[in-house]
$ cat model.cif   # mmCIF, C-alpha atoms
data_my_file
#
loop_
_atom_site.label_atom_id
_atom_site.label_comp_id
_atom_site.auth_asym_id
_atom_site.auth_seq_id
_atom_site.Cartn_x
_atom_site.Cartn_y
_atom_site.Cartn_z
CA MET L 1 22.13 113.71 93.58
CA GLU L 2 20.14 110.81 92.14
CA ILE L 3 21.96 108.66 89.57
CA LEU L 4 20.90 105.49 87.77
CA GLY L 5 23.33 102.73 88.71
CA ILE L 6 23.77 99.74 86.39
CA ASP L 7 25.62 96.51 87.12
CA ILE L 8 26.58 94.13 84.31
CA GLY L 9 27.22 90.59 85.52
CA SER L 10 27.15 87.00 84.30
CA TYR L 11 23.64 86.67 85.79
CA GLY L 12 22.35 89.59 83.70
CA ILE L 13 22.09 93.36 83.93
CA LYS L 14 20.45 95.02 86.92
CA GLY L 15 19.83 98.65 87.69
CA ALA L 16 18.32 101.01 90.24
CA ILE L 17 18.21 104.71 91.03
CA VAL L 18 20.63 105.66 93.81
CA ASP L 19 20.78 108.57 96.22
CA THR L 20 24.53 109.14 95.95
CA GLU L 21 24.74 111.29 99.09
CA LYS L 22 23.30 108.55 101.30
CA GLY L 23 24.44 105.54 99.27
CA GLU L 24 20.90 104.17 99.20
CA ILE L 25 18.81 102.63 96.44
CA VAL L 26 15.60 104.66 96.09
CA SER L 27 13.76 102.72 93.37
CA LYS L 28 12.75 99.24 92.46
CA LYS L 29 15.51 97.19 90.83
CA ARG L 30 15.11 96.24 87.19
CA THR L 31 16.91 93.25 85.71
CA THR L 32 17.39 91.27 82.52
CA ASP L 33 17.71 87.54 82.07
CA LYS L 34 21.11 85.81 82.10
CA ILE L 35 23.64 87.13 79.59
CA GLU L 36 24.45 84.39 77.08
CA ASP L 37 26.19 86.57 74.47
CA THR L 38 28.59 89.32 75.59
CA ARG L 39 29.44 90.70 72.16
CA PRO L 40 29.20 94.52 72.17
CA HIS L 41 26.06 94.89 70.07
CA LYS L 42 24.19 92.28 72.14
CA LEU L 43 25.20 93.80 75.48
CA ILE L 44 24.47 97.35 74.37
CA SER L 45 20.95 96.30 73.39
CA LYS L 46 20.32 94.67 76.78
CA LEU L 47 21.56 97.71 78.67
CA HIS L 48 19.30 99.96 76.60
CA LYS L 49 16.28 97.84 77.57
CA VAL L 50 17.09 98.20 81.29
CA VAL L 51 17.47 101.99 81.04
CA LYS L 52 14.17 102.30 79.17
CA LYS L 53 12.38 100.61 82.08
CA PHE L 54 13.25 103.66 84.21
CA ASP L 55 12.26 106.27 81.61
CA TRP L 56 15.60 107.85 82.58
CA ASP L 57 17.36 110.83 80.98
CA GLY L 58 19.95 111.73 83.63
CA PRO L 59 23.51 110.54 84.33
CA ILE L 60 24.21 106.80 84.56
CA GLY L 61 26.99 104.90 86.31
CA CYS L 62 27.80 101.46 84.92
CA ALA L 63 29.77 98.71 86.68
CA PHE L 64 31.48 96.73 83.92
CA PRO L 65 33.21 93.33 84.39
CA ALA L 66 36.53 94.35 82.84
CA ALA L 67 39.46 96.71 83.33
CA THR L 68 38.58 100.23 82.17
CA SER L 69 40.22 103.66 82.04
CA LYS L 70 38.20 106.79 81.27
CA GLY L 71 35.53 104.57 79.73
CA ILE L 72 37.90 102.61 77.48
CA VAL L 73 37.97 98.83 78.00
CA LEU L 74 41.61 97.83 78.51
CA SER L 75 41.37 94.06 78.75
CA THR L 76 38.85 91.39 79.63
CA THR L 77 38.77 87.81 80.81
CA ARG L 78 34.99 87.50 81.27
CA MET L 79 33.62 89.36 78.25
CA ASP L 80 33.86 88.97 74.48
CA GLN L 81 37.25 90.14 73.18
CA GLY L 82 35.43 92.58 70.90
CA TRP L 83 35.22 94.88 73.91
CA VAL L 84 38.99 95.41 74.12
CA ASP L 85 39.85 99.04 73.19
CA ALA L 86 36.14 99.87 72.85
CA ASP L 87 34.92 103.21 74.24
CA ALA L 88 32.20 101.85 76.50
CA ASP L 89 31.33 105.32 77.81
CA HIS L 90 30.59 106.51 74.28
CA LEU L 91 28.77 103.36 73.14
CA PHE L 92 26.47 103.26 76.16
CA SER L 93 25.88 107.02 76.08
CA GLU L 94 24.98 106.88 72.40
CA ILE L 95 22.43 104.07 72.75
CA THR L 96 20.78 105.48 75.90
CA GLY L 97 20.95 109.20 75.10
CA CYS L 98 22.33 109.69 78.62
CA ASN L 99 25.76 110.58 79.99
CA VAL L 100 27.19 107.16 80.99
CA SER L 101 30.34 106.69 83.09
CA VAL L 102 31.79 103.17 83.13
CA ILE L 103 33.96 101.71 85.90
CA ASN L 104 35.37 98.26 86.66
CA ASP L 105 32.73 96.34 88.60
CA THR L 106 34.84 95.40 91.62
CA ASP L 107 36.20 98.93 91.81
CA ALA L 108 32.56 100.05 91.98
CA THR L 109 31.92 97.60 94.81
CA GLY L 110 35.00 98.86 96.64
CA LEU L 111 33.94 102.50 96.28
CA ALA L 112 30.55 101.70 97.78
CA GLU L 113 32.04 99.86 100.75
CA MET L 114 34.66 102.57 101.37
CA LYS L 115 32.17 105.44 101.12
CA PHE L 116 29.05 103.95 102.69
CA GLY L 117 29.92 100.49 104.07
CA VAL L 118 32.37 98.84 106.45
CA GLY L 119 35.33 100.67 104.92
CA LYS L 120 33.99 104.14 105.74
CA GLY L 121 36.60 106.15 107.62
CA GLN L 122 39.24 103.42 107.33
CA ARG L 123 42.81 104.48 106.51
CA GLY L 124 45.85 102.56 105.36
CA THR L 125 45.83 99.84 102.72
CA ILE L 126 42.42 98.19 102.29
CA ILE L 127 41.81 95.23 99.98
CA VAL L 128 38.21 94.57 98.93
CA LEU L 129 37.51 91.12 97.47
CA THR L 130 34.31 89.89 95.82
CA VAL L 131 34.22 86.13 95.99
CA GLY L 132 31.65 84.72 93.59
CA THR L 133 31.86 83.16 90.14
CA GLY L 134 35.39 84.56 90.12
CA ILE L 135 37.37 86.62 92.61
CA GLY L 136 37.42 90.34 91.95
CA SER L 137 39.51 92.89 93.80
CA SER L 138 39.95 96.57 94.52
CA ILE L 139 42.69 98.23 96.54
CA PHE L 140 42.53 101.53 98.41
CA VAL L 141 45.45 103.40 99.95
CA ASP L 142 44.28 106.03 102.45
CA GLY L 143 40.93 106.13 100.66
CA ILE L 144 42.40 106.46 97.15
CA LEU L 145 41.48 103.72 94.64
CA VAL L 146 44.23 101.83 92.81
CA PRO L 147 42.15 100.92 89.74
CA ASN L 148 41.79 97.68 87.81
CA THR L 149 43.63 95.25 90.06
CA GLU L 150 43.07 91.59 89.15
CA LEU L 151 44.25 89.81 92.27
CA GLY L 152 42.10 86.78 91.45
CA GLN L 153 44.42 86.06 88.50
CA ILE L 154 47.50 85.69 90.70
CA GLU L 155 48.72 82.09 90.78
CA ILE L 156 49.73 80.02 93.79
CA LYS L 157 51.73 76.94 92.79
CA GLY L 158 50.51 77.22 89.18
CA ILE L 159 46.81 77.55 90.02
CA SER L 160 45.06 80.92 89.86
CA ILE L 161 43.40 82.14 93.04
CA GLU L 162 40.03 82.15 91.24
CA GLU L 163 40.45 78.50 90.29
CA ARG L 164 41.44 77.65 93.84
CA ALA L 165 38.92 79.47 96.01
CA SER L 166 35.98 81.06 94.14
CA ASN L 167 32.40 80.22 95.08
CA LYS L 168 31.99 78.62 91.66
CA VAL L 169 34.82 76.20 92.45
CA ARG L 170 33.33 75.51 95.89
CA LYS L 171 30.05 74.48 94.27
CA GLU L 172 31.61 72.47 91.46
CA GLU L 173 33.87 70.50 93.81
CA GLY L 174 31.31 70.17 96.60
CA ILE L 175 33.69 71.73 99.11
CA ARG L 176 32.53 72.03 102.71
CA LYS L 177 32.60 75.42 104.43
CA LYS L 178 35.57 74.47 106.63
CA THR L 179 37.67 73.44 103.63
CA TRP L 180 36.61 76.56 101.72
CA GLY L 181 37.57 78.69 104.70
CA LYS L 182 41.04 77.14 104.74
CA ARG L 183 41.46 77.74 101.01
CA LEU L 184 40.46 81.36 101.49
CA GLN L 185 42.91 81.59 104.39
CA LEU L 186 45.71 80.45 102.06
CA VAL L 187 44.69 83.14 99.57
CA LEU L 188 44.53 85.90 102.18
CA GLU L 189 47.90 84.88 103.64
CA HIS L 190 49.36 85.17 100.15
CA TYR L 191 47.95 88.69 99.82
CA GLU L 192 49.31 89.54 103.28
CA HIS L 193 52.84 88.68 102.15
CA LEU L 194 52.45 90.69 98.93
CA PHE L 195 50.63 93.83 100.12
CA HIS L 196 50.71 93.95 103.94
CA PRO L 197 47.17 95.40 104.12
CA ASP L 198 45.53 96.91 107.18
CA LEU L 199 42.10 95.42 106.41
CA PHE L 200 40.38 92.93 104.11
CA ILE L 201 36.74 93.52 103.18
CA LEU L 202 35.23 90.28 101.90
CA GLY L 203 32.13 90.49 99.72
CA GLY L 204 30.29 88.73 96.94
CA GLN L 205 28.58 85.43 97.69
CA LEU L 206 31.10 84.83 100.48
CA SER L 207 29.63 87.64 102.59
CA LYS L 208 26.22 85.90 102.54
CA LYS L 209 27.80 82.87 104.22
CA ALA L 210 30.11 84.80 106.54
CA ASP L 211 28.94 83.21 109.79
CA LYS L 212 29.55 79.73 108.34
CA THR L 213 32.92 80.41 106.72
CA PHE L 214 34.72 83.23 108.56
CA PRO L 215 35.35 81.21 111.76
CA TYR L 216 37.66 78.92 109.76
CA ILE L 217 39.82 81.79 108.49
CA LYS L 218 42.77 82.52 110.80
CA ILE L 219 45.02 85.34 109.58
CA LYS L 220 46.97 88.20 111.15
CA THR L 221 45.17 90.97 109.27
CA LYS L 222 41.74 92.17 110.37
CA PHE L 223 38.92 91.22 107.99
CA LYS L 224 35.25 92.15 107.77
CA GLY L 225 32.28 91.03 105.70
CA ALA L 226 31.00 93.55 103.15
CA SER L 227 27.81 95.28 104.27
CA LEU L 228 26.14 96.41 101.03
CA LEU L 229 25.90 92.87 99.60
CA ASN L 230 24.07 92.78 96.23
CA ASN L 231 23.62 96.56 96.16
CA ALA L 232 27.32 97.45 96.29
CA SER L 233 28.14 97.51 92.58
CA ILE L 234 25.03 99.53 91.70
CA VAL L 235 25.66 102.04 94.50
CA GLY L 236 29.37 102.28 93.66
CA ALA L 237 28.75 102.79 89.94
CA ALA L 238 26.24 105.57 90.67
CA TYR L 239 28.63 107.20 93.15
CA TYR L 240 31.41 107.08 90.55
CA ALA L 241 29.17 108.73 87.94
CA ALA L 242 28.24 111.46 90.43
CA SER L 243 31.95 112.08 91.07
CA VAL L 244 32.58 112.38 87.32
CA GLN L 245 29.72 114.89 87.02
CA ILE L 246 31.18 117.01 89.82
CA GLN L 247 34.68 116.89 88.30
CA ASN L 248 33.35 117.95 84.90
CA LYS L 249 31.48 120.91 86.43
CA GLU L 250 34.65 122.01 88.24
CA PHE L 251 36.69 121.67 85.03
CA TYR L 252 34.35 123.82 82.95
CA ARG L 253 33.87 126.59 85.50
#
$ encode --input "model.cif" --output "structure tokens"
Amino acid sequence: MEILGIDIGSYGIKGAIVDTEKGEIVSKKRTTDKIEDTRPHKLISKLHKVVKKFDWDGPIGCAFPAATSKGIVLSTTRMDQGWVDADADHLFSEITGCNVSVINDTDATGLAEMKFGVGKGQRGTIIVLTVGTGIGSSIFVDGILVPNTELGQIEIKGISIEERASNKVRKEEGIRKKTWGKRLQLVLEHYEHLFHPDLFILGGQLSKKADKTFPYIKIKTKFKGASLLNNASIVGAAYYAASVQIQNKEFYR
């Protein structure tokens, strides 16, 4: 099944058509410029422009930077508060004329890594982290997603994990890779004590610098760099939408 995957991020909105059986992007990516205004009507307009570039009329999966449940935005720390309680599925479907399924962006990344990336076939408790402007998270227990976790908001000694170890903080403070690695080690050790995971999958901008940073991280739990890199959220969103389509067909049989 081919699905249009959309990823909404601070950098802008990007999209591509995905083969959801192989987990591969099969079209050229289309993007917008940086998002300066995240109010619903502004964001809806930008998403519409991306979809039009594909001349698309099929299902769409959308990775959204907020907690969501069945398309409803539950809470948000990175988007305009006007999104809270909004039915993003309905709003995006209405503007595009397509059936849009919305999922938390890091959950989309996690789905992609668990289905097609380094998490494929892994059992137990898996924590997927995207370390970039913030720190996003998704948790899987024997392959089942625990949705909308916000592990980056957990505080250590009064400072949130995002404020302590994100790539944004690394850049702003001019932190060297060794120091960043040790900060990330502190974070991962904290998660070890809380969740006792079997594997960490580390993605986002951190995975691009894995060979320079990972050697400084010394923890008991096995960890791997994410393999889908910038494609993960698009692939995961499309895969989620395909799953929704299949569930709906089964329901109406």
$ residues_near_point --input "model.cif" --point "(35.8, 74.6, 112.4)" --cutoff "12 Å" --atoms "only C-alpha atoms" --output "list in words"
Arg176, Lys177, Lys178, Thr179, Trp180, Gly181, Lys182, Asp211, Lys212, Thr213, Phe214, Pro215, Tyr216, Ile217 and Lys218 of chain L
$ write_last_selection --input "model.cif" --atoms "C-alpha atoms" --output "compact mmCIF listing (two decimals), in the coordinates of the input"
# COMPACT_ATOMS: atom_id res chain seq x y z
CA ARG L 176 32.53 72.03 102.71
CA LYS L 177 32.60 75.42 104.43
CA LYS L 178 35.57 74.47 106.63
CA THR L 179 37.67 73.44 103.63
CA TRP L 180 36.61 76.56 101.72
CA GLY L 181 37.57 78.69 104.70
CA LYS L 182 41.04 77.14 104.74
CA ASP L 211 28.94 83.21 109.79
CA LYS L 212 29.55 79.73 108.34
CA THR L 213 32.92 80.41 106.72
CA PHE L 214 34.72 83.23 108.56
CA PRO L 215 35.35 81.21 111.76
CA TYR L 216 37.66 78.92 109.76
CA ILE L 217 39.82 81.79 108.49
CA LYS L 218 42.77 82.52 110.80
$ residues_around --input "model.cif" --residues "stretch 191-202 of chain L" --least-positions-apart "2" --cutoff "10 Å" --atoms "all atoms listed in the file" --output "PyMOL selection string"
chain L and resi 110+113-114+117-119+122-131+137-141+151+154+185-189+204-207+210+214+219-227+229
$ closest_atom_pairs --input "model.cif" --of "stretch 56-127 of chain L" --to "stretch 21-44 of chain L" --cutoff "9 Å" --atoms "all atoms listed in the file" --output "JSON lines"
{"residue": "L:Arg78", "atom": "CA", "partner": "L:Thr38", "partner_atom": "CA", "distance": 8.7}
{"residue": "L:Met79", "atom": "CA", "partner": "L:Thr38", "partner_atom": "CA", "distance": 5.7}
{"residue": "L:Asp80", "atom": "CA", "partner": "L:Arg39", "partner_atom": "CA", "distance": 5.3}
{"residue": "L:Gln81", "atom": "CA", "partner": "L:Arg39", "partner_atom": "CA", "distance": 7.9}
{"residue": "L:Gly82", "atom": "CA", "partner": "L:Arg39", "partner_atom": "CA", "distance": 6.4}
{"residue": "L:Trp83", "atom": "CA", "partner": "L:Pro40", "partner_atom": "CA", "distance": 6.3}
{"residue": "L:Ala86", "atom": "CA", "partner": "L:Pro40", "partner_atom": "CA", "distance": 8.8}
{"residue": "L:Leu91", "atom": "CA", "partner": "L:Ile44", "partner_atom": "CA", "distance": 7.5}
{"residue": "L:Phe92", "atom": "CA", "partner": "L:Ile44", "partner_atom": "CA", "distance": 6.5}
{"residue": "L:Ile95", "atom": "CA", "partner": "L:Ile44", "partner_atom": "CA", "distance": 7.2}
{"residue": "L:Ala112", "atom": "CA", "partner": "L:Gly23", "partner_atom": "CA", "distance": 7.4}
{"residue": "L:Lys115", "atom": "CA", "partner": "L:Gly23", "partner_atom": "CA", "distance": 7.9}
{"residue": "L:Phe116", "atom": "CA", "partner": "L:Gly23", "partner_atom": "CA", "distance": 6.0}
{"residue": "L:Gly117", "atom": "CA", "partner": "L:Gly23", "partner_atom": "CA", "distance": 8.9}
$ resolve_selection --input "model.cif" --expression "the PyMOL selection byres ((chain L and resi 102-104) around 8)" --output "list in words"
Gly61, Cys62, Ala63, Phe64, Pro65, Ala66, Ala67, Thr68, Ser69, Lys70, Gly71, Ala88, Asp89, Val100, Ser101, Asp105, Thr106, Asp107, Ala108, Pro147, Asn148, Ala237, Tyr240 and Ala241 of chain L
$ atom_distance --input "model.cif" --atom1 "atom CA of L:Val146" --atom2 "atom CA of L:Lys168"
26.3 Å
$ residues_around --input "model.cif" --residues "L:Ile60" --least-positions-apart "6" --cutoff "8 Å" --atoms "only C-alpha atoms" --output "PyMOL selection string"
chain L and resi 3-6+98-101+238+241
$ write_last_selection --input "model.cif" --atoms "C-alpha atoms" --output "PDB file, in the coordinates of the input"
ATOM      1  CA  ILE L   3      21.960 108.660  89.570  1.00  0.00           C
ATOM      2  CA  LEU L   4      20.900 105.490  87.770  1.00  0.00           C
ATOM      3  CA  GLY L   5      23.330 102.730  88.710  1.00  0.00           C
ATOM      4  CA  ILE L   6      23.770  99.740  86.390  1.00  0.00           C
ATOM      5  CA  CYS L  98      22.330 109.690  78.620  1.00  0.00           C
ATOM      6  CA  ASN L  99      25.760 110.580  79.990  1.00  0.00           C
ATOM      7  CA  VAL L 100      27.190 107.160  80.990  1.00  0.00           C
ATOM      8  CA  SER L 101      30.340 106.690  83.090  1.00  0.00           C
ATOM      9  CA  ALA L 238      26.240 105.570  90.670  1.00  0.00           C
ATOM     10  CA  ALA L 241      29.170 108.730  87.940  1.00  0.00           C
TER      11      ALA L 241
END
$ closest_residue --input "model.cif" --among "L:Gly143, L:Gly152, L:Gly132, L:Gly203" --to "L:Arg170" --atoms "only C-alpha atoms"
L:Gly132
$ atom_distance --input "model.cif" --atom1 "atom CA of L:Ile13" --atom2 "atom CA of L:Lys120"
27.1 Å
$ atom_distance --input "model.cif" --atom1 "atom CA of L:Lys157" --atom2 "atom CA of L:Ser75"
24.4 Å
$ residues_around --input "model.cif" --residues "L:Gln153" --least-positions-apart "3" --cutoff "9 Å" --atoms "all atoms listed in the file" --output "list in words"
Ile135, Gly136, Glu150, Ile159, Ser160, Ile161, Glu162 and Glu163 of chain L
$ closest_residue --input "model.cif" --among "L:Leu228, L:Ser10, L:Leu111, L:Lys171" --to "L:Ser243" --atoms "all atoms listed in the file"
L:Leu111
$ closest_residue --input "model.cif" --among "L:His90, L:Lys52, L:Gly121, L:Leu74" --to "L:Ile144" --atoms "all atoms listed in the file"
L:Gly121
$ closest_residue --input "model.cif" --among "L:Val84, L:Thr76, L:Thr20, L:Leu47" --to "L:Ile8" --atoms "only C-alpha atoms"
L:Leu47
$ axis_aligned_box --input "model.cif" --around "stretch 78-93 of chain L" --padding-each-side "8 Å" --output "lines of an AutoDock Vina configuration file"
center_x = 32.9
center_y = 97.3
center_z = 76.1
size_x = 30.0
size_y = 35.5
size_z = 26.4
